[in-house]
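What follows is the content of structure-v7.cif, which has mmCIF, C-alpha atoms:
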data_run
#
loop_
_atom_site.label_atom_id
_atom_site.label_comp_id
_atom_site.auth_asym_id
_atom_site.auth_seq_id
_atom_site.Cartn_x
_atom_site.Cartn_y
_atom_site.Cartn_z
CA MET A 1 -19.10 -5.20 -44.26
CA LEU A 2 -18.48 -8.53 -42.55
CA THR A 3 -14.72 -7.98 -42.58
CA ALA A 4 -15.13 -4.49 -41.12
CA ALA A 5 -17.39 -5.84 -38.39
CA ARG A 6 -14.90 -8.59 -37.51
CA THR A 7 -12.04 -6.08 -37.11
CA ALA A 8 -13.88 -3.12 -35.54
CA LEU A 9 -14.36 -4.65 -32.10
CA PRO A 10 -10.79 -6.00 -31.70
CA GLY A 11 -9.42 -2.71 -33.01
CA THR A 12 -11.47 -0.72 -30.51
CA LEU A 13 -10.47 -2.98 -27.62
CA MET A 14 -6.79 -2.69 -28.53
CA LEU A 15 -7.13 1.09 -28.77
CA CYS A 16 -8.66 1.17 -25.27
CA MET A 17 -5.80 -0.96 -23.95
CA CYS A 18 -3.31 1.38 -25.62
CA LEU A 19 -4.85 4.45 -23.99
CA PHE A 20 -5.01 2.73 -20.60
CA CYS A 21 -1.34 1.68 -20.69
CA LEU A 22 -0.13 5.13 -21.70
CA ALA A 23 -2.36 6.94 -19.19
CA TYR A 24 -1.28 4.63 -16.37
CA TYR A 25 2.38 5.14 -17.28
CA GLU A 26 1.89 8.91 -17.11
CA LEU A 27 0.28 8.62 -13.66
CA CYS A 28 3.14 6.47 -12.39
CA VAL A 29 5.80 8.84 -13.72
CA ARG A 30 4.09 11.80 -12.07
CA ARG A 31 3.81 9.90 -8.81
CA ALA A 32 7.25 8.27 -8.58
CA GLY A 33 9.37 9.33 -11.55
CA PRO A 34 10.45 7.35 -14.61
CA ARG A 35 13.14 5.27 -12.87
CA VAL A 36 10.79 2.79 -11.19
CA SER A 37 11.98 -0.72 -12.01
CA GLY A 38 10.13 -2.29 -14.93
CA LEU A 39 7.92 0.72 -15.61
CA TRP A 40 8.82 0.51 -19.30
CA ILE A 41 6.34 -2.33 -19.76
CA TRP A 42 3.43 0.15 -19.85
CA PRO A 43 4.59 2.38 -22.72
CA ALA A 44 5.78 -0.76 -24.51
CA GLY A 45 2.32 -2.27 -24.09
CA GLY A 46 0.73 0.98 -25.20
CA PHE A 47 2.72 1.11 -28.43
CA LEU A 48 2.08 -2.59 -29.08
CA PHE A 49 -1.69 -2.30 -28.64
CA GLY A 50 -1.73 1.01 -30.49
CA GLY A 51 0.15 -0.43 -33.45
CA ALA A 52 -2.14 -3.44 -33.61
CA SER A 53 -5.22 -1.21 -33.41
CA LEU A 54 -3.91 1.01 -36.19
CA LEU A 55 -3.24 -2.00 -38.41
CA SER A 56 -6.74 -3.34 -37.80
CA TYR A 57 -8.23 -0.10 -39.12
CA LEU A 58 -5.77 0.47 -41.96
CA CYS A 59 -5.71 -3.16 -43.14
CA PRO A 60 -9.11 -4.66 -42.27
CA ALA A 61 -8.94 -7.09 -45.21
CA TRP A 62 -5.65 -8.53 -43.95
CA PHE A 63 -7.09 -8.99 -40.46
CA GLY A 64 -10.18 -10.60 -41.93
CA ARG A 65 -8.13 -13.04 -44.02
CA SER A 66 -5.99 -13.91 -40.99
CA TRP A 67 -9.11 -14.65 -38.96
CA ASP A 68 -10.58 -16.76 -41.78
CA PHE A 69 -7.31 -18.69 -42.11
CA LEU A 70 -7.38 -19.45 -38.38
CA LEU A 71 -10.96 -20.69 -38.56
CA GLN A 72 -10.20 -22.89 -41.56
CA HIS A 73 -7.37 -24.71 -39.75
CA PRO A 74 -8.79 -26.28 -36.58
CA ALA A 75 -5.41 -27.60 -35.41
CA LEU A 76 -3.82 -24.15 -35.62
CA LYS A 77 -6.85 -22.56 -33.98
CA SER A 78 -6.67 -25.09 -31.15
CA ALA A 79 -2.93 -24.50 -30.67
CA VAL A 80 -3.38 -20.71 -30.51
CA LEU A 81 -6.29 -20.93 -28.07
CA THR A 82 -4.44 -23.46 -25.90
CA ALA A 83 -1.34 -21.27 -25.75
CA CYS A 84 -3.40 -18.21 -24.83
CA ALA A 85 -5.35 -20.14 -22.19
CA ALA A 86 -2.13 -21.58 -20.70
CA ALA A 87 -0.52 -18.14 -20.52
CA LEU A 88 -3.61 -16.67 -18.86
CA LEU A 89 -3.84 -19.56 -16.39
CA LEU A 90 -0.16 -19.22 -15.48
CA PHE A 91 -0.58 -15.49 -14.92
CA LEU A 92 -3.63 -16.05 -12.69
CA LEU A 93 -1.87 -18.77 -10.67
CA LEU A 94 1.12 -16.49 -10.07
CA GLU A 95 -1.19 -13.67 -9.03
CA LEU A 96 -2.96 -16.01 -6.59
CA MET A 97 0.41 -16.91 -5.08
CA ILE A 98 1.23 -13.22 -4.71
CA PHE A 99 -2.16 -12.46 -3.16
CA SER A 100 -1.69 -15.32 -0.69
CA GLY A 101 1.10 -13.32 0.95
CA MET A 102 -0.44 -9.87 0.77
CA PHE A 103 -2.29 -10.01 4.07
CA LYS A 104 0.24 -11.87 6.21
CA LYS A 105 0.70 -10.43 9.69
CA GLY A 106 3.34 -12.85 10.94
CA ARG A 107 3.01 -14.79 14.16
CA LYS A 108 2.94 -13.23 17.60
CA GLY A 109 6.14 -13.34 19.58
CA LEU A 110 8.62 -14.08 16.80
CA PRO A 111 12.14 -13.83 18.22
CA TYR A 112 13.39 -12.06 15.08
CA ILE A 113 12.05 -10.16 12.11
CA ILE A 114 14.06 -9.12 9.06
CA VAL A 115 13.04 -5.75 7.67
CA LEU A 116 14.00 -5.51 4.00
CA GLY A 117 15.34 -2.13 2.97
CA ALA A 118 14.05 0.22 0.27
CA LYS A 119 15.10 3.50 -1.29
CA VAL A 120 16.67 6.18 0.91
CA LYS A 121 16.42 9.80 -0.24
CA GLY A 122 19.58 11.43 1.01
CA SER A 123 19.48 10.32 4.63
CA LEU A 124 15.70 10.09 4.95
CA PRO A 125 13.46 7.11 4.17
CA SER A 126 11.43 7.17 0.98
CA ARG A 127 7.68 6.67 1.21
CA ALA A 128 8.16 2.97 0.39
CA LEU A 129 10.67 2.55 3.19
CA ARG A 130 8.45 4.42 5.65
CA GLU A 131 5.60 2.03 4.84
CA ARG A 132 7.82 -0.91 5.80
CA LEU A 133 9.18 0.87 8.88
CA ASP A 134 5.73 1.81 10.18
CA THR A 135 4.71 -1.86 9.94
CA ALA A 136 7.94 -2.87 11.70
CA TYR A 137 7.30 -0.31 14.42
CA SER A 138 3.78 -1.62 15.02
CA TYR A 139 5.02 -5.20 15.23
CA LEU A 140 7.89 -4.34 17.59
CA ARG A 141 5.59 -2.37 19.87
CA ALA A 142 3.12 -5.27 20.02
CA ASN A 143 5.89 -7.85 20.56
CA PRO A 144 8.45 -6.45 23.02
CA GLY A 145 10.55 -9.63 22.97
CA THR A 146 11.24 -9.39 19.23
CA SER A 147 14.53 -8.16 17.75
CA ALA A 148 14.74 -6.71 14.24
CA ILE A 149 17.47 -7.18 11.67
CA LEU A 150 17.47 -4.05 9.52
CA SER A 151 18.82 -5.11 6.15
CA GLY A 152 20.00 -2.82 3.37
CA GLY A 153 23.24 -1.35 2.11
CA ARG A 154 24.05 2.09 0.77
CA GLY A 155 23.25 2.87 -2.85
CA PRO A 156 25.31 5.23 -5.01
CA ASP A 157 22.83 8.11 -4.56
CA GLU A 158 22.13 7.52 -0.85
CA ALA A 159 23.87 9.46 1.93
CA VAL A 160 23.53 6.62 4.44
CA SER A 161 22.83 2.91 4.27
CA GLU A 162 19.23 1.75 4.31
CA ALA A 163 19.98 -0.14 7.54
CA LEU A 164 21.22 3.00 9.31
CA CYS A 165 18.29 5.03 8.01
CA MET A 166 15.88 2.41 9.39
CA TYR A 167 17.74 2.35 12.71
CA GLU A 168 17.49 6.12 13.14
CA TYR A 169 13.80 6.13 12.18
CA LEU A 170 12.85 3.41 14.67
CA THR A 171 14.98 4.64 17.56
CA ALA A 172 13.56 8.15 17.08
CA ARG A 173 10.12 6.63 17.65
CA GLY A 174 11.17 4.93 20.86
CA ILE A 175 12.35 1.46 19.84
CA SER A 176 15.33 0.42 21.96
CA PRO A 177 18.64 0.28 20.04
CA ALA A 178 19.36 -3.00 21.86
CA ARG A 179 16.56 -4.64 19.82
CA LEU A 180 17.94 -3.55 16.45
CA ILE A 181 20.66 -5.33 14.46
CA LEU A 182 22.14 -3.67 11.38
CA GLU A 183 23.00 -5.51 8.17
CA ASP A 184 24.37 -2.78 5.93
CA ARG A 185 26.15 -4.56 3.05
CA SER A 186 23.34 -6.02 0.93
CA ALA A 187 22.27 -4.65 -2.45
CA SER A 188 19.41 -7.04 -3.36
CA THR A 189 16.68 -9.12 -1.74
CA ARG A 190 18.82 -12.22 -2.09
CA GLU A 191 21.74 -10.53 -0.30
CA ASN A 192 19.35 -9.07 2.32
CA LEU A 193 18.37 -12.55 3.35
CA ARG A 194 21.69 -14.31 2.85
CA PHE A 195 23.60 -11.79 4.96
CA SER A 196 20.83 -11.60 7.57
CA LEU A 197 21.05 -15.36 8.07
CA ARG A 198 24.58 -14.89 9.42
CA LEU A 199 23.18 -12.66 12.18
CA LEU A 200 20.68 -15.26 13.40
CA PRO A 201 21.60 -17.68 16.18
CA ALA A 202 20.41 -20.67 14.11
CA SER A 203 18.96 -21.27 10.65
CA ASP A 204 15.76 -22.80 12.03
CA VAL A 205 14.87 -20.00 14.47
CA PRO A 206 11.42 -18.53 13.60
CA VAL A 207 11.86 -15.35 11.56
CA GLY A 208 9.40 -12.83 10.19
CA ILE A 209 10.19 -11.49 6.72
CA LEU A 210 8.83 -7.93 6.56
CA THR A 211 8.42 -6.32 3.16
CA HIS A 212 5.70 -4.84 0.96
CA ASN A 213 2.58 -6.95 0.50
CA TYR A 214 3.19 -7.80 -3.18
CA HIS A 215 6.75 -8.93 -2.34
CA VAL A 216 6.05 -11.20 0.66
CA ARG A 217 5.59 -14.49 -1.19
CA ARG A 218 8.77 -14.14 -3.26
CA ALA A 219 10.82 -12.84 -0.32
CA CYS A 220 9.87 -15.85 1.81
CA LEU A 221 10.75 -18.18 -1.07
CA ILE A 222 14.17 -16.53 -1.43
CA ALA A 223 14.68 -16.75 2.34
CA ARG A 224 14.06 -20.50 2.36
CA LYS A 225 16.36 -20.99 -0.63
CA ASN A 226 19.10 -19.19 1.25
CA GLY A 227 18.86 -21.26 4.41
CA ILE A 228 16.27 -19.49 6.58
CA LYS A 229 14.09 -22.49 7.28
CA ASN A 230 11.27 -21.15 9.48
CA THR A 231 9.75 -18.04 7.90
CA ALA A 232 6.58 -16.03 8.43
CA GLY A 233 5.62 -13.22 6.09
CA ILE A 234 4.74 -9.78 7.44
CA ALA A 235 3.10 -7.57 4.81
CA ALA A 236 3.50 -3.80 4.78
CA PRO A 237 0.63 -2.02 3.00
CA SER A 238 1.19 -0.40 -0.36
CA GLY A 239 -1.54 2.08 -1.23
CA SER A 240 0.40 3.69 -4.02
CA ILE A 241 -0.84 4.17 -7.58
CA LEU A 242 2.06 1.84 -8.41
CA GLN A 243 0.33 -1.15 -6.79
CA LEU A 244 -0.99 -2.41 -10.13
CA HIS A 245 2.45 -2.11 -11.70
CA TYR A 246 4.07 -4.02 -8.86
CA LEU A 247 1.49 -6.80 -9.05
CA VAL A 248 2.06 -7.24 -12.79
CA ARG A 249 5.84 -6.95 -12.54
CA GLU A 250 6.00 -9.36 -9.62
CA THR A 251 4.51 -12.22 -11.66
CA ALA A 252 7.61 -12.33 -13.87
CA ALA A 253 9.94 -12.04 -10.87
CA LEU A 254 8.11 -14.80 -8.97
CA LEU A 255 8.12 -17.13 -11.98
CA ARG A 256 11.86 -16.56 -12.42
CA GLU A 257 12.41 -17.34 -8.74
CA ILE A 258 10.34 -20.53 -8.91
CA ILE A 259 12.28 -21.75 -11.93
CA SER A 260 15.67 -20.76 -10.53
CA ARG A 261 17.50 -23.32 -8.40
CA SER A 262 19.57 -20.84 -6.40
#
Represent the structure of the file as structure tokens.
Amino acid sequence: MLTAARTALPGTLMLCMCLFCLAYYELCVRRAGPRVSGLWIWPAGGFLFGGASLLSYLCPAWFGRSWDFLLQHPALKSAVLTACAAALLLFLLLELMIFSGMFKKGRKGLPYIIVLGAKVKGSLPSRALRERLDTAYSYLRANPGTSAILSGGRGPDEAVSEALCMYEYLTARGISPARLILEDRSASTRENLRFSLRLLPASDVPVGILTHNYHVRRACLIARKNGIKNTAGIAAPSGSILQLHYLVRETAALLREIISRS
């Protein structure tokens, strides 16, 4: 009875986590398709939690003995708890860093902003790109002295470059073509910022980095690594069901960027 009680609660919690991961994955696929970067982590998590839950019910004695063994070895117990606490603390710190950029509005009167590209569907902006463009439009309307570098190349399944798509979207809404500079060769955030630097008059000119809210902190870090010295984040809202996925995925990307020297 004691062994069953010790394994029932963890087994139930893991089953709940399994169902949540699989249900969330299904929602994301229905909303945006299965090709979203990193979306595999949710079915992987679902199968991991599901397998652990199944084992806890099929082999309660084994789980009970494992728990007893951990309790009987204080050093091992301490090491396991310390590792878990450190992993959780690191995750929370990374999330705090991400959240610190999610509400950035930039500074008024920036001479330049760099609008980072996103998926183009044929020749039209995807919803993600429209979210960035609507934020860029609002900023450009409020700051008539600002020029925008529209950064993004053409993917293999895109009819036009992301830069050209952004240009057509903004000019159709009344933004003067003279205020828009196209950078249409980049294929990643790093290239977005590296190539955009070449279009600035100086590396220390104040520049707004406009991207989705969860991406602002990492984008500004990449910008500074690539020579753009004076950055201000501008966060585009992301109300999609994918917001949770992006926040989780971004922790790994931000950690990799912090560790990386280039």
- Residue with smallest distance to Ile41 of chain A - pool A:Leu22, A:Ala187, A:Ala86, A:Ala128, counting only C-alpha atoms: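 The closest residue to Ile41 of chain A is A:Leu22.
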- Query: Expressed in Å to a single decimal, how great is the separation between atom CA of Ser56 of chain A and atom CA of Leu19 of chain A?
  - Reply: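 Separation between atom CA of Ser56 of chain A and atom CA of Leu19 of chain A: 16.0 Å.
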- Could you jot down the atom CA of Ser78 of chain A to atom CA of Pro10 of chain A separation for me, Å, one decimal place?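 Rounded to one decimal, the two atoms are 19.5 Å apart.
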Which residues of segment 117-159 of chain A have any atom within 9 Å of an atom in segment 100-109 of chain A when counting only C-alpha atoms, and what is the closest pair of atoms for each, with the distance in Å to one decimal? Order the rows by chain and rising number and write it as CSV.
residue,atom,partner,partner_atom,distance
A:Tyr139,CA,A:Lys108,CA,8.6
A:Ala142,CA,A:Lys108,CA,8.3
A:Asn143,CA,A:Gly109,CA,5.6
A:Pro144,CA,A:Gly109,CA,8.0
A:Gly145,CA,A:Gly109,CA,6.7
A:Thr146,CA,A:Gly109,CA,6.5
- Give as an MDAnalysis selection string the residues that the PyMOL selection byres ((chain A and resi 119) around 8) matches when applied to the coordinates above. chainID A and resid 117:118 120:121 125:126 128:129 162
Store the residues picked out above in a file with C-alpha atoms, as a short mmCIF file (atom, residue, chain, number, x, y, z; two decimals), in the coordinates of the input.
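Saved to out-v3.cif:
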data_model
loop_
_atom_site.label_atom_id
_atom_site.label_comp_id
_atom_site.auth_asym_id
_atom_site.auth_seq_id
_atom_site.Cartn_x
_atom_site.Cartn_y
_atom_site.Cartn_z
CA GLY A 117 15.34 -2.13 2.97
CA ALA A 118 14.05 0.22 0.27
CA VAL A 120 16.67 6.18 0.91
CA LYS A 121 16.42 9.80 -0.24
CA PRO A 125 13.46 7.11 4.17
CA SER A 126 11.43 7.17 0.98
CA ALA A 128 8.16 2.97 0.39
CA LEU A 129 10.67 2.55 3.19
CA GLU A 162 19.23 1.75 4.31
#
- At what distance in Å, to one decimal, does atom CA of Arg190 of chain A lie from atom CA of Ile259 of chain A?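 Going from atom CA of Ile259 of chain A over to atom CA of Arg190 of chain A, I get 15.2 Å.
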- Please provide as a list in words all residues within 10 Å of Arg194 of chain A, with the sequence filter that same-chain residues fewer than 5 positions apart are discarded (counting all atoms listed in the file).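 Counting all atoms listed in the file, the residues come to Ser186, Ser188, Thr189, Leu199, Ile222, Ala223, Arg224, Lys225, Asn226, Gly227 and Ile228 of chain A.
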- Excluding Tyr214 of chain A and any residue of its chain fewer than 2 positions from it, enumerate the residues within 12 Å of it, using all atoms listed in the file, and give them as a ChimeraX atom specification. /A:94-104,210-212,216-220,233-240,242-251,253-254
Kindly extract all protein, DNA and RNA residues lying within 12 Å of the coordinates (-5.0, 1.9, -36.9) given in the file, considering all atoms listed in the file, and supply them as a PDB file with C-alpha atoms, keeping the file's coordinate frame.
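And here is the file that came out, selection_23.pdb:
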ATOM      1  CA  THR A   7     -12.040  -6.080 -37.110  1.00  0.00           C
ATOM      2  CA  ALA A   8     -13.880  -3.120 -35.540  1.00  0.00           C
ATOM      3  CA  PRO A  10     -10.790  -6.000 -31.700  1.00  0.00           C
ATOM      4  CA  GLY A  11      -9.420  -2.710 -33.010  1.00  0.00           C
ATOM      5  CA  THR A  12     -11.470  -0.720 -30.510  1.00  0.00           C
ATOM      6  CA  LEU A  13     -10.470  -2.980 -27.620  1.00  0.00           C
ATOM      7  CA  MET A  14      -6.790  -2.690 -28.530  1.00  0.00           C
ATOM      8  CA  LEU A  15      -7.130   1.090 -28.770  1.00  0.00           C
ATOM      9  CA  CYS A  18      -3.310   1.380 -25.620  1.00  0.00           C
ATOM     10  CA  PHE A  47       2.720   1.110 -28.430  1.00  0.00           C
ATOM     11  CA  LEU A  48       2.080  -2.590 -29.080  1.00  0.00           C
ATOM     12  CA  PHE A  49      -1.690  -2.300 -28.640  1.00  0.00           C
ATOM     13  CA  GLY A  50      -1.730   1.010 -30.490  1.00  0.00           C
ATOM     14  CA  GLY A  51       0.150  -0.430 -33.450  1.00  0.00           C
ATOM     15  CA  ALA A  52      -2.140  -3.440 -33.610  1.00  0.00           C
ATOM     16  CA  SER A  53      -5.220  -1.210 -33.410  1.00  0.00           C
ATOM     17  CA  LEU A  54      -3.910   1.010 -36.190  1.00  0.00           C
ATOM     18  CA  LEU A  55      -3.240  -2.000 -38.410  1.00  0.00           C
ATOM     19  CA  SER A  56      -6.740  -3.340 -37.800  1.00  0.00           C
ATOM     20  CA  TYR A  57      -8.230  -0.100 -39.120  1.00  0.00           C
ATOM     21  CA  LEU A  58      -5.770   0.470 -41.960  1.00  0.00           C
ATOM     22  CA  CYS A  59      -5.710  -3.160 -43.140  1.00  0.00           C
ATOM     23  CA  PRO A  60      -9.110  -4.660 -42.270  1.00  0.00           C
ATOM     24  CA  PHE A  63      -7.090  -8.990 -40.460  1.00  0.00           C
TER      25      PHE A  63
END
- Excluding Arg173 of chain A and residues on its chain fewer than 3 positions from it, collect all residues at most 12 Å away from it, counting all atoms listed in the file, and give them as a ChimeraX atom specification. /A:133-134,136-138,140-141,166-170,176-177
Expand the PyMOL selection byres ((chain A and resi 112) around 6) into the individual residues it matches in the shown file, reporting them as a compact mmCIF listing (two decimals) with C-alpha atoms, keeping the file's coordinate frame.
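Saved file out-v6.txt follows:
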# COMPACT_ATOMS: atom_id res chain seq x y z
CA LEU A 110 8.62 -14.08 16.80
CA PRO A 111 12.14 -13.83 18.22
CA ILE A 113 12.05 -10.16 12.11
CA THR A 146 11.24 -9.39 19.23
CA SER A 147 14.53 -8.16 17.75
CA ALA A 148 14.74 -6.71 14.24
CA VAL A 207 11.86 -15.35 11.56
The PyMOL selection byres ((chain A and resi 231) around 6) - which residues does that actually catch in the file I just gave you? List them as a CSV table (one decimal) with C-alpha atoms, in the coordinates of the input.
chain,number,residue,atom,x,y,z
A,206,PRO,CA,11.4,-18.5,13.6
A,207,VAL,CA,11.9,-15.4,11.6
A,208,GLY,CA,9.4,-12.8,10.2
A,230,ASN,CA,11.3,-21.2,9.5
A,232,ALA,CA,6.6,-16.0,8.4
Distance query segment 122-124 of chain A at most 9 Å, all atoms listed in the file, self and fewer than 4 positions along chain excluded, as a PDB file with C-alpha atoms, keeping the file's coordinate frame:
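Listing of out-v9.pdb after writing:
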ATOM      1  CA  ASP A 157      22.830   8.110  -4.560  1.00  0.00           C
ATOM      2  CA  GLU A 158      22.130   7.520  -0.850  1.00  0.00           C
ATOM      3  CA  ALA A 159      23.870   9.460   1.930  1.00  0.00           C
ATOM      4  CA  VAL A 160      23.530   6.620   4.440  1.00  0.00           C
ATOM      5  CA  SER A 161      22.830   2.910   4.270  1.00  0.00           C
ATOM      6  CA  GLU A 162      19.230   1.750   4.310  1.00  0.00           C
ATOM      7  CA  LEU A 164      21.220   3.000   9.310  1.00  0.00           C
ATOM      8  CA  CYS A 165      18.290   5.030   8.010  1.00  0.00           C
ATOM      9  CA  MET A 166      15.880   2.410   9.390  1.00  0.00           C
ATOM     10  CA  TYR A 169      13.800   6.130  12.180  1.00  0.00           C
TER      11      TYR A 169
END
- Query: Near segment 34-40 of chain A, within 8 Å and counting only C-alpha atoms, which residues show up once chain neighbours fewer than 2 positions away are dropped, as a PyMOL selection string?
  - Reply: chain A and resi 25+28-29+32+42-44+245+249
Output file for the residues above (C-alpha atoms, as a PDB file, in the frame of the given file):
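Produced file out-v4.pdb, reproduced below:
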ATOM      1  CA  TYR A  25       2.380   5.140 -17.280  1.00  0.00           C
ATOM      2  CA  CYS A  28       3.140   6.470 -12.390  1.00  0.00           C
ATOM      3  CA  VAL A  29       5.800   8.840 -13.720  1.00  0.00           C
ATOM      4  CA  ALA A  32       7.250   8.270  -8.580  1.00  0.00           C
ATOM      5  CA  TRP A  42       3.430   0.150 -19.850  1.00  0.00           C
ATOM      6  CA  PRO A  43       4.590   2.380 -22.720  1.00  0.00           C
ATOM      7  CA  ALA A  44       5.780  -0.760 -24.510  1.00  0.00           C
ATOM      8  CA  HIS A 245       2.450  -2.110 -11.700  1.00  0.00           C
ATOM      9  CA  ARG A 249       5.840  -6.950 -12.540  1.00  0.00           C
TER      10      ARG A 249
END
- Between A:Ala87, A:Leu197, A:Ile149, A:Val205, smallest distance to Ala178 of chain A by all atoms listed in the file belongs to A:Ile149
Listed atoms of segment 14-30 of chain A boxed along x, y and z, 5 Å each side, centre and edge lengths in Å, one decimal, as AutoDock Vina command-line options:
--center_x -1.4 --center_y 4.6 --center_z -20.4 --size_x 24.5 --size_y 24.5 --size_z 26.7
- Message: With distances taken over only C-alpha atoms, which residue among A:Leu182, A:Leu193, A:Ala252, A:Ala172 lies nearest Ile209 of chain A?
- Response: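 Going through A:Leu182, A:Leu193, A:Ala252, A:Ala172 one by one, the smallest distance to Ile209 of chain A is for A:Leu193.
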- Message: From the options A:Gly174, A:Glu183, A:Arg154, A:His73, which residue's atoms come nearest to Leu116 of chain A, counting all atoms listed in the file?
- Response: A:Glu183
